[in-house]
file entry_4.txt (compact mmCIF, C-alpha atoms and all ligand atoms)
# COMPACT_ATOMS: atom_id res chain seq x y z
CA MET A 369 -2.23 30.43 62.55
CA GLU A 370 -1.61 32.04 65.94
CA ARG A 371 2.12 32.06 65.10
CA ALA A 372 1.65 34.31 62.07
CA MET A 373 2.86 37.39 63.98
CA PHE A 374 6.29 35.78 64.47
CA LEU A 375 6.89 34.96 60.83
CA PRO A 376 9.68 36.83 59.04
CA GLN A 377 8.99 39.02 56.04
CA GLY A 378 8.47 36.92 52.92
CA LEU A 379 6.99 33.98 54.80
CA SER A 380 3.27 33.51 55.39
CA LEU A 381 0.66 30.89 56.18
CA ALA A 382 -2.26 30.37 53.78
CA PRO A 383 -4.93 27.73 53.23
CA LEU A 384 -4.04 25.03 50.71
CA ALA A 385 -7.29 23.08 51.02
CA PRO A 386 -9.98 22.73 53.69
CA GLY A 387 -8.19 21.80 56.91
CA VAL A 388 -4.74 21.97 55.32
CA ASP A 389 -2.45 25.01 55.52
CA GLN A 390 0.71 25.76 53.60
CA ILE A 391 3.70 27.97 54.27
CA LEU A 392 4.43 30.38 51.42
CA LEU A 393 7.99 31.62 50.98
CA ALA A 394 8.67 34.56 48.69
CA GLY A 395 12.36 35.39 48.33
CA ASP A 396 14.38 37.59 46.04
CA GLY A 397 14.10 35.72 42.71
CA PHE A 398 12.60 32.51 44.08
CA SER A 399 9.52 31.14 45.80
CA ALA A 400 8.53 27.95 47.59
CA ARG A 401 5.60 26.29 49.32
CA ILE A 402 5.57 23.78 52.17
CA ALA A 403 2.34 21.87 52.92
CA LEU A 404 1.74 21.15 56.60
CA LEU A 405 0.03 17.95 55.39
CA GLY A 406 2.99 15.57 55.30
CA GLY A 407 5.42 18.40 56.15
CA GLN A 408 6.37 18.42 52.53
CA LEU A 409 7.96 20.86 50.18
CA ILE A 410 5.50 21.01 47.27
CA ASP A 411 7.05 23.75 45.15
CA TYR A 412 10.36 25.51 44.69
CA ARG A 413 11.17 27.64 41.69
CA SER A 414 13.43 30.42 40.51
CA ASP A 415 11.47 33.23 38.88
CA GLY A 416 10.89 32.54 35.20
CA LYS A 417 12.32 29.00 35.35
CA PRO A 418 10.55 25.61 35.29
CA PRO A 419 9.72 24.27 38.77
CA LEU A 420 12.17 22.04 40.61
CA LEU A 421 9.43 19.66 41.71
CA TYR A 422 6.54 17.86 40.04
CA LEU A 423 3.14 18.13 41.78
CA SER A 424 0.21 16.11 40.47
CA PRO A 425 -2.83 18.21 39.52
CA GLN A 426 -4.96 15.26 40.68
CA THR A 427 -3.62 15.08 44.21
CA ALA A 428 -6.10 15.13 47.09
CA TYR A 429 -5.07 17.51 49.86
CA GLN A 430 -6.75 15.49 52.57
CA PRO A 431 -5.37 14.42 55.93
CA GLY A 432 -5.07 10.64 55.82
CA LYS A 433 -3.92 10.74 52.17
CA ALA A 434 -0.45 11.40 50.82
CA ILE A 435 0.19 14.28 48.41
CA ARG A 436 1.46 12.99 45.03
CA GLY A 437 4.44 15.18 44.27
CA GLY A 438 6.90 17.53 45.90
CA VAL A 439 9.01 15.79 48.53
CA PRO A 440 6.84 13.41 50.59
CA VAL A 441 8.47 12.28 53.82
CA CYS A 442 8.37 8.49 54.18
CA TRP A 443 8.76 7.75 57.91
CA PRO A 444 9.27 5.77 60.14
CA TRP A 445 9.29 3.03 57.55
CA PHE A 446 9.87 3.06 53.82
CA GLY A 447 7.71 0.83 51.58
CA PRO A 448 5.38 -1.70 53.20
CA HIS A 449 5.41 -1.93 57.01
CA PRO A 450 7.97 -4.63 57.96
CA SER A 451 5.46 -6.80 59.86
CA ASP A 452 1.90 -5.37 59.64
CA ALA A 453 0.29 -5.28 56.18
CA GLY A 454 -2.56 -3.19 57.63
CA GLN A 455 -0.27 -0.19 58.12
CA PRO A 456 0.05 2.43 55.34
CA ALA A 457 2.85 2.19 52.77
CA HIS A 458 5.78 4.53 53.45
CA GLY A 459 4.80 5.17 57.08
CA VAL A 460 2.50 7.64 58.75
CA ALA A 461 4.28 10.97 58.37
CA ARG A 462 3.19 11.81 54.84
CA GLN A 463 -0.51 11.52 55.71
CA GLN A 464 -0.58 13.64 58.84
CA ILE A 465 -0.49 17.31 59.70
CA TRP A 466 2.87 18.63 60.91
CA THR A 467 3.22 21.63 63.23
CA LEU A 468 5.16 24.78 62.52
CA ARG A 469 7.60 25.23 65.40
CA ASP A 470 9.92 27.96 64.20
CA ALA A 471 10.75 30.06 61.16
CA GLY A 472 13.35 32.67 60.40
CA CYS A 473 15.46 34.25 57.73
CA ASP A 474 19.23 34.50 57.54
CA GLY A 475 20.19 36.85 54.73
CA GLN A 476 18.36 35.45 51.71
CA VAL A 477 17.85 31.98 53.19
CA PHE A 478 14.61 31.05 54.96
CA HIS A 479 14.63 28.36 57.60
CA VAL A 480 11.55 26.54 58.79
CA LYS A 481 11.25 23.89 61.49
CA LEU A 482 8.31 21.50 61.70
CA ASP A 483 7.41 18.93 64.32
CA GLY A 484 6.01 15.68 63.00
CA PRO A 485 3.64 13.11 64.40
CA ARG A 486 4.95 10.83 67.16
CA HIS A 487 4.97 7.14 66.30
CA GLY A 488 5.32 5.16 69.50
CA ASP A 489 8.59 6.28 71.04
CA LEU A 490 9.86 7.82 67.80
CA ALA A 491 9.63 11.52 67.08
CA ALA A 492 10.42 13.33 63.84
CA GLU A 493 11.29 16.90 63.00
CA LEU A 494 12.01 18.62 59.72
CA ASP A 495 14.39 21.46 59.08
CA PHE A 496 14.16 23.33 55.77
CA ARG A 497 16.72 25.84 54.49
CA ILE A 498 15.46 27.45 51.32
CA GLY A 499 17.25 30.20 49.43
CA PRO A 500 18.10 31.48 45.96
CA ASP A 501 20.57 28.61 45.35
CA GLY A 502 18.24 25.75 46.25
CA ALA A 503 16.66 23.89 49.11
CA ALA A 504 17.88 21.61 51.87
CA ILE A 505 15.55 19.30 53.79
CA ALA A 506 16.69 17.51 56.95
CA LEU A 507 14.61 14.87 58.74
CA THR A 508 15.74 14.10 62.29
CA THR A 509 14.42 11.03 64.09
CA VAL A 510 14.77 10.71 67.85
CA ASN A 511 14.20 7.53 69.83
CA HIS A 512 12.65 8.57 73.15
CA GLY A 513 12.05 4.98 74.28
CA ASP A 514 14.00 2.50 76.39
CA ALA A 515 14.58 -0.01 73.60
CA ALA A 516 16.45 0.14 70.30
CA GLN A 517 14.25 0.88 67.26
CA THR A 518 14.80 0.41 63.55
CA VAL A 519 13.85 3.27 61.27
CA SER A 520 13.70 3.42 57.50
CA ALA A 521 12.82 6.63 55.70
CA ALA A 522 13.02 8.58 52.45
CA LEU A 523 12.81 12.15 51.22
CA HIS A 524 10.79 11.03 48.22
CA SER A 525 11.66 13.84 45.79
CA TYR A 526 9.56 14.08 42.61
CA PHE A 527 11.80 16.12 40.30
CA ALA A 528 10.03 17.86 37.42
CA VAL A 529 11.58 17.08 34.02
CA SER A 530 10.93 18.37 30.50
CA ASP A 531 10.38 14.81 29.27
CA ILE A 532 11.57 11.49 30.67
CA ASP A 533 13.40 10.68 27.43
CA SER A 534 15.51 13.84 27.86
CA VAL A 535 16.99 13.01 31.24
CA GLU A 536 19.88 10.99 32.56
CA LEU A 537 21.07 10.35 36.08
CA LEU A 538 24.78 10.70 36.76
CA GLY A 539 26.88 9.81 39.80
CA LEU A 540 25.50 6.38 40.71
CA GLU A 541 27.38 4.45 37.99
CA GLY A 542 28.25 0.88 38.98
CA ALA A 543 26.61 1.11 42.43
CA PRO A 544 25.00 -2.05 43.80
CA ALA A 545 21.22 -1.98 43.70
CA HIS A 546 18.07 -3.93 44.45
CA ASP A 547 15.81 -3.84 41.41
CA LYS A 548 12.33 -4.07 42.95
CA VAL A 549 10.61 -4.58 39.57
CA ALA A 550 12.68 -7.70 38.77
CA ASP A 551 13.24 -8.48 42.49
CA ALA A 552 16.93 -8.96 41.72
CA ARG A 553 20.24 -7.58 42.90
CA ALA A 554 22.34 -5.93 40.22
CA ALA A 555 24.87 -3.18 39.72
CA LEU A 556 23.88 -0.01 37.91
CA PRO A 557 25.39 0.40 34.42
CA ALA A 558 28.87 1.92 34.10
CA GLY A 559 27.49 4.85 32.09
CA PRO A 560 24.73 7.40 32.74
CA PHE A 561 21.41 5.89 33.85
CA ARG A 562 18.44 6.48 31.52
CA PHE A 563 14.80 5.78 32.28
CA ASP A 564 13.47 3.02 30.07
CA GLY A 565 10.24 1.39 31.28
CA GLU A 566 9.22 0.98 34.91
CA VAL A 567 12.11 1.78 37.26
CA ASP A 568 12.09 0.99 40.99
CA LEU A 569 15.58 0.67 42.42
CA VAL A 570 17.15 0.91 45.85
CA VAL A 571 20.69 1.98 44.94
CA TYR A 572 23.30 1.53 47.67
CA SER A 573 25.37 4.67 47.39
CA ASP A 574 26.17 7.71 49.52
CA ARG A 575 27.48 9.68 46.55
CA ALA A 576 26.06 12.90 45.18
CA ALA A 577 23.94 12.47 42.03
CA THR A 578 23.05 14.80 39.19
CA LEU A 579 19.83 14.68 37.18
CA ARG A 580 20.67 16.13 33.77
CA ASP A 581 17.75 17.41 31.68
CA ALA A 582 18.74 18.17 28.09
CA GLY A 583 15.26 19.58 27.29
CA TRP A 584 15.35 22.23 29.98
CA ARG A 585 19.19 22.46 29.84
CA ARG A 586 19.34 22.04 33.55
CA ASP A 587 21.21 19.98 36.13
CA ILE A 588 19.72 19.16 39.51
CA ALA A 589 22.44 18.29 42.01
CA ILE A 590 21.36 16.02 44.86
CA GLN A 591 23.76 15.86 47.80
CA PRO A 592 22.76 13.29 50.42
CA GLU A 593 23.62 13.38 54.14
CA GLY A 594 23.08 10.53 56.61
CA SER A 595 22.09 8.28 53.71
CA ALA A 596 23.71 5.31 52.00
CA SER A 597 20.76 4.52 49.72
CA ALA A 598 18.91 6.33 46.94
CA VAL A 599 15.56 5.15 45.63
CA VAL A 600 15.12 5.76 41.91
CA TRP A 601 11.53 5.46 40.69
CA ASN A 602 9.34 6.08 37.69
CA PRO A 603 6.10 4.14 37.19
CA ALA A 604 6.04 4.14 33.33
CA PRO A 605 2.59 4.05 31.60
CA ALA A 606 1.02 0.84 32.94
CA LYS A 607 1.65 1.54 36.62
CA ALA A 608 0.86 5.24 36.16
CA GLN A 609 -2.62 4.28 34.98
CA ARG A 610 -3.19 2.42 38.24
CA LEU A 611 -2.32 5.50 40.32
CA ALA A 612 -5.63 7.32 40.73
CA ASP A 613 -3.98 10.60 41.76
CA LEU A 614 -1.67 10.83 38.73
CA PRO A 615 -2.78 11.88 35.21
CA ASP A 616 -2.10 9.01 32.78
CA GLU A 617 0.58 10.85 30.79
CA ASP A 618 2.37 12.53 33.69
CA TRP A 619 4.85 9.70 34.30
CA ARG A 620 6.82 11.46 31.52
CA ARG A 621 7.03 14.66 33.57
CA PHE A 622 8.93 13.52 36.68
CA VAL A 623 11.51 11.15 38.04
CA CYS A 624 11.96 10.35 41.71
CA VAL A 625 15.48 10.26 43.12
CA GLU A 626 14.91 9.79 46.83
CA THR A 627 17.52 10.37 49.50
CA ALA A 628 16.84 7.42 51.75
CA ASN A 629 17.59 5.01 54.52
CA ALA A 630 15.92 2.15 52.66
CA GLY A 631 16.39 -1.62 52.43
CA ASP A 632 19.73 -2.65 53.98
CA ASP A 633 20.33 1.02 54.89
CA ALA A 634 17.61 1.12 57.60
CA ARG A 635 19.08 2.56 60.80
CA ALA A 636 18.98 1.15 64.34
CA LEU A 637 18.57 3.87 66.95
CA ALA A 638 19.59 3.12 70.54
CA PRO A 639 17.52 4.70 73.35
CA GLY A 640 18.02 8.47 73.27
CA GLU A 641 19.82 8.35 69.94
CA HIS A 642 18.93 10.51 66.95
CA HIS A 643 19.60 10.25 63.21
CA ARG A 644 19.61 13.02 60.62
CA LEU A 645 18.75 12.25 56.98
CA ALA A 646 19.06 15.20 54.62
CA CYS A 647 19.12 16.16 50.97
CA HIS A 648 20.68 19.31 49.60
CA LEU A 649 19.16 20.26 46.23
CA HIS A 650 20.61 22.79 43.81
CA PHE A 651 19.91 23.41 40.20
CA SER A 652 21.88 25.11 37.52
CA CYS A 653 20.97 25.91 33.95
CA HIS A 654 23.47 25.62 31.14
CA GLY A 655 23.73 26.90 27.62
O1 LIG B 1 2.29 5.18 45.43
P1 LIG B 1 3.19 5.43 46.60
O2 LIG B 1 2.78 4.71 47.86
O3 LIG B 1 3.36 6.90 46.86
O4 LIG B 1 4.62 4.86 46.24
C1 LIG B 1 5.28 5.28 45.09
C2 LIG B 1 6.63 4.57 44.97
O5 LIG B 1 7.44 4.97 46.04
C3 LIG B 1 8.80 4.45 46.03
O6 LIG B 1 9.53 5.03 45.03
C4 LIG B 1 8.81 2.94 45.95
O7 LIG B 1 10.13 2.44 45.74
C5 LIG B 1 7.89 2.43 44.88
O8 LIG B 1 7.81 1.01 44.98
C6 LIG B 1 6.51 3.05 45.00
O9 LIG B 1 5.68 2.59 43.96
call {"tool": "encode", "arguments": {"input": "entry_4.txt", "output": "structure tokens", "more": "lines below"}}
Ligand SMILES: O=P(O)(O)OC[C@H]1O[C@H](O)[C@H](O)[C@@H](O)[C@@H]1O
result
Amino acid sequence: MERAMFLPQGLSLAPLAPGVDQILLAGDGFSARIALLGGQLIDYRSDGKPPLLYLSPQTAYQPGKAIRGGVPVCWPWFGPHPSDAGQPAHGVARQQIWTLRDAGCDGQVFHVKLDGPRHGDLAAELDFRIGPDGAAIALTTVNHGDAAQTVSAALHSYFAVSDIDSVELLGLEGAPAHDKVADARAALPAGPFRFDGEVDLVVYSDRAATLRDAGWRRDIAIQPEGSASAVVWNPAPAKAQRLADLPDEDWRRFVCVETANAGDDARALAPGEHHRLACHLHFSCHG
């Protein structure tokens, strides 16, 4: 909180829950919130429009627990730990408090830098650029050690949708994928992808994708950087019921399209090397 005096106009720190602060951004025609727990964007919206991101009303804002919604940062591993089942799923970054290092404003675009927890010799930082046209989130990993390290990660975006039956995902047609539900390798269909039942895919693609929502007449454009994998996830009713921090019916209200370095796309970092994984998110409404 001691940094509050340096914050630009439109940006402030406020409590989100006991022991957890959030950064509030109020721009011309848009607003956003970043939780320091997990270093995660939890809200972005244009005035009068539906939110970009889904955020569970049942989430616990408690250090040591991940927030269900927004854009959790999975780091420095995605999914189960590669060798130690006692470690948390999706790494340590989403459960810990990040530190605000710098914030500024360039015209209408806010930028915010956060420092993440160290994990051994690996360090993480986040760079947000948030303006009237959308949000960009960049996760940079640096290997400060003397040995090579493998890192997997994801910007686990929960996109809000009008209803899951109204959306289709475009841009990943025909891409090779690992279907984690069937534990099988397969290519995505040649046409638009629709969500039918539980979906948990690592799609090997570095292409931009578009989430088209006919109900809200909106397209969300997802432009990846430093990524050759996208994780596409929706739990469907049975798995949603097993998630204590998600209302039973809310699986209909989001889909995750995660800009990732997952599965075969994990990255090896030599000593001193860094890697930047970023997603650039824009939405447009159509008639
Ligand atoms: O419940 P969580 O640990 O947040 O994980 C939620 C989901 O994240 C990713 O999308 C994984 O591919 C899924 O397998 C997992 O179920």
call {"tool": "axis_aligned_box", "arguments": {"input": "entry_4.txt", "around": "ligand LIG 1 (chain B)", "padding_each_side": "6 Å", "output": "JSON"}}
result
{"center_x": 6.2, "center_y": 4.0, "center_z": 45.9, "size_x": 19.8, "size_y": 17.9, "size_z": 15.9}
call {"tool": "residues_around", "arguments": {"input": "entry_4.txt", "residues": "segment 409-414 of chain A", "least_positions_apart": "4", "cutoff": "8 Å", "atoms": "only C-alpha atoms", "output": "ChimeraX atom specification"}}
result
/A:397-403,418-423,437-440,500,503
call {"tool": "residues_near_ligand", "arguments": {"input": "entry_4.txt", "ligand": "ligand LIG 1 (chain B)", "cutoff": "7 Å", "atoms": "all atoms listed in the file", "output": "list in words"}}
result
Arg436, Gly447, Ala457, His458, His524, Asp568, Leu569, Val599, Val600, Trp601, Pro603, Leu611 and Cys624 of chain A
call {"tool": "residues_around", "arguments": {"input": "entry_4.txt", "residues": "segment 540-556 of chain A", "least_positions_apart": "2", "cutoff": "6 Å", "atoms": "all atoms listed in the file", "output": "list of chain:residue names"}}
result
A:Leu538, A:Ala558, A:Gly559, A:Asp568, A:Leu569, A:Val570, A:Val571, A:Tyr572
call {"tool": "atom_distance", "arguments": {"input": "entry_4.txt", "atom1": "atom CA of Pro425 of chain A", "atom2": "atom CA of Asp613 of chain A"}}
result
8.0 Å
call {"tool": "closest_residue", "arguments": {"input": "entry_4.txt", "among": "A:Phe622, A:Leu404, A:Asp514, A:Ala506", "to": "Val529 of chain A", "atoms": "all atoms listed in the file"}}
result
A:Phe622
call {"tool": "residues_around", "arguments": {"input": "entry_4.txt", "residues": "Cys442 of chain A", "least_positions_apart": "3", "cutoff": "10 Å", "atoms": "only C-alpha atoms", "output": "list in words"}}
result
Gly406, Ala434, Val439, Trp445, Phe446, Gly447, Ala457, His458, Gly459, Val460, Ala461, Arg462, Gln463, Ser520, Ala521, Ala522, Leu523, His524, Glu626, Ala628, Asn629 and Ala630 of chain A
call {"tool": "residues_around", "arguments": {"input": "entry_4.txt", "residues": "Leu482 of chain A", "least_positions_apart": "3", "cutoff": "12 Å", "atoms": "all atoms listed in the file", "output": "ChimeraX atom specification"}}
result
/A:390-391,402-409,461,465-471,479,485,491-497,505-508
call {"tool": "closest_residue", "arguments": {"input": "entry_4.txt", "among": "A:Arg486, A:Arg635, A:Lys607, A:His650", "to": "Trp619 of chain A", "atoms": "all atoms listed in the file"}}
result
A:Lys607
call {"tool": "atom_distance", "arguments": {"input": "entry_4.txt", "atom1": "atom CA of Leu645 of chain A", "atom2": "atom CA of Ser595 of chain A"}}
result
6.1 Å
call {"tool": "atom_distance", "arguments": {"input": "entry_4.txt", "atom1": "atom CA of Asp574 of chain A", "atom2": "atom CA of Gly499 of chain A"}}
result
24.2 Å
call {"tool": "closest_residue", "arguments": {"input": "entry_4.txt", "among": "A:Val388, A:Ala608, A:Gly565, A:Leu490", "to": "Val519 of chain A", "atoms": "all atoms listed in the file"}}
result
A:Leu490
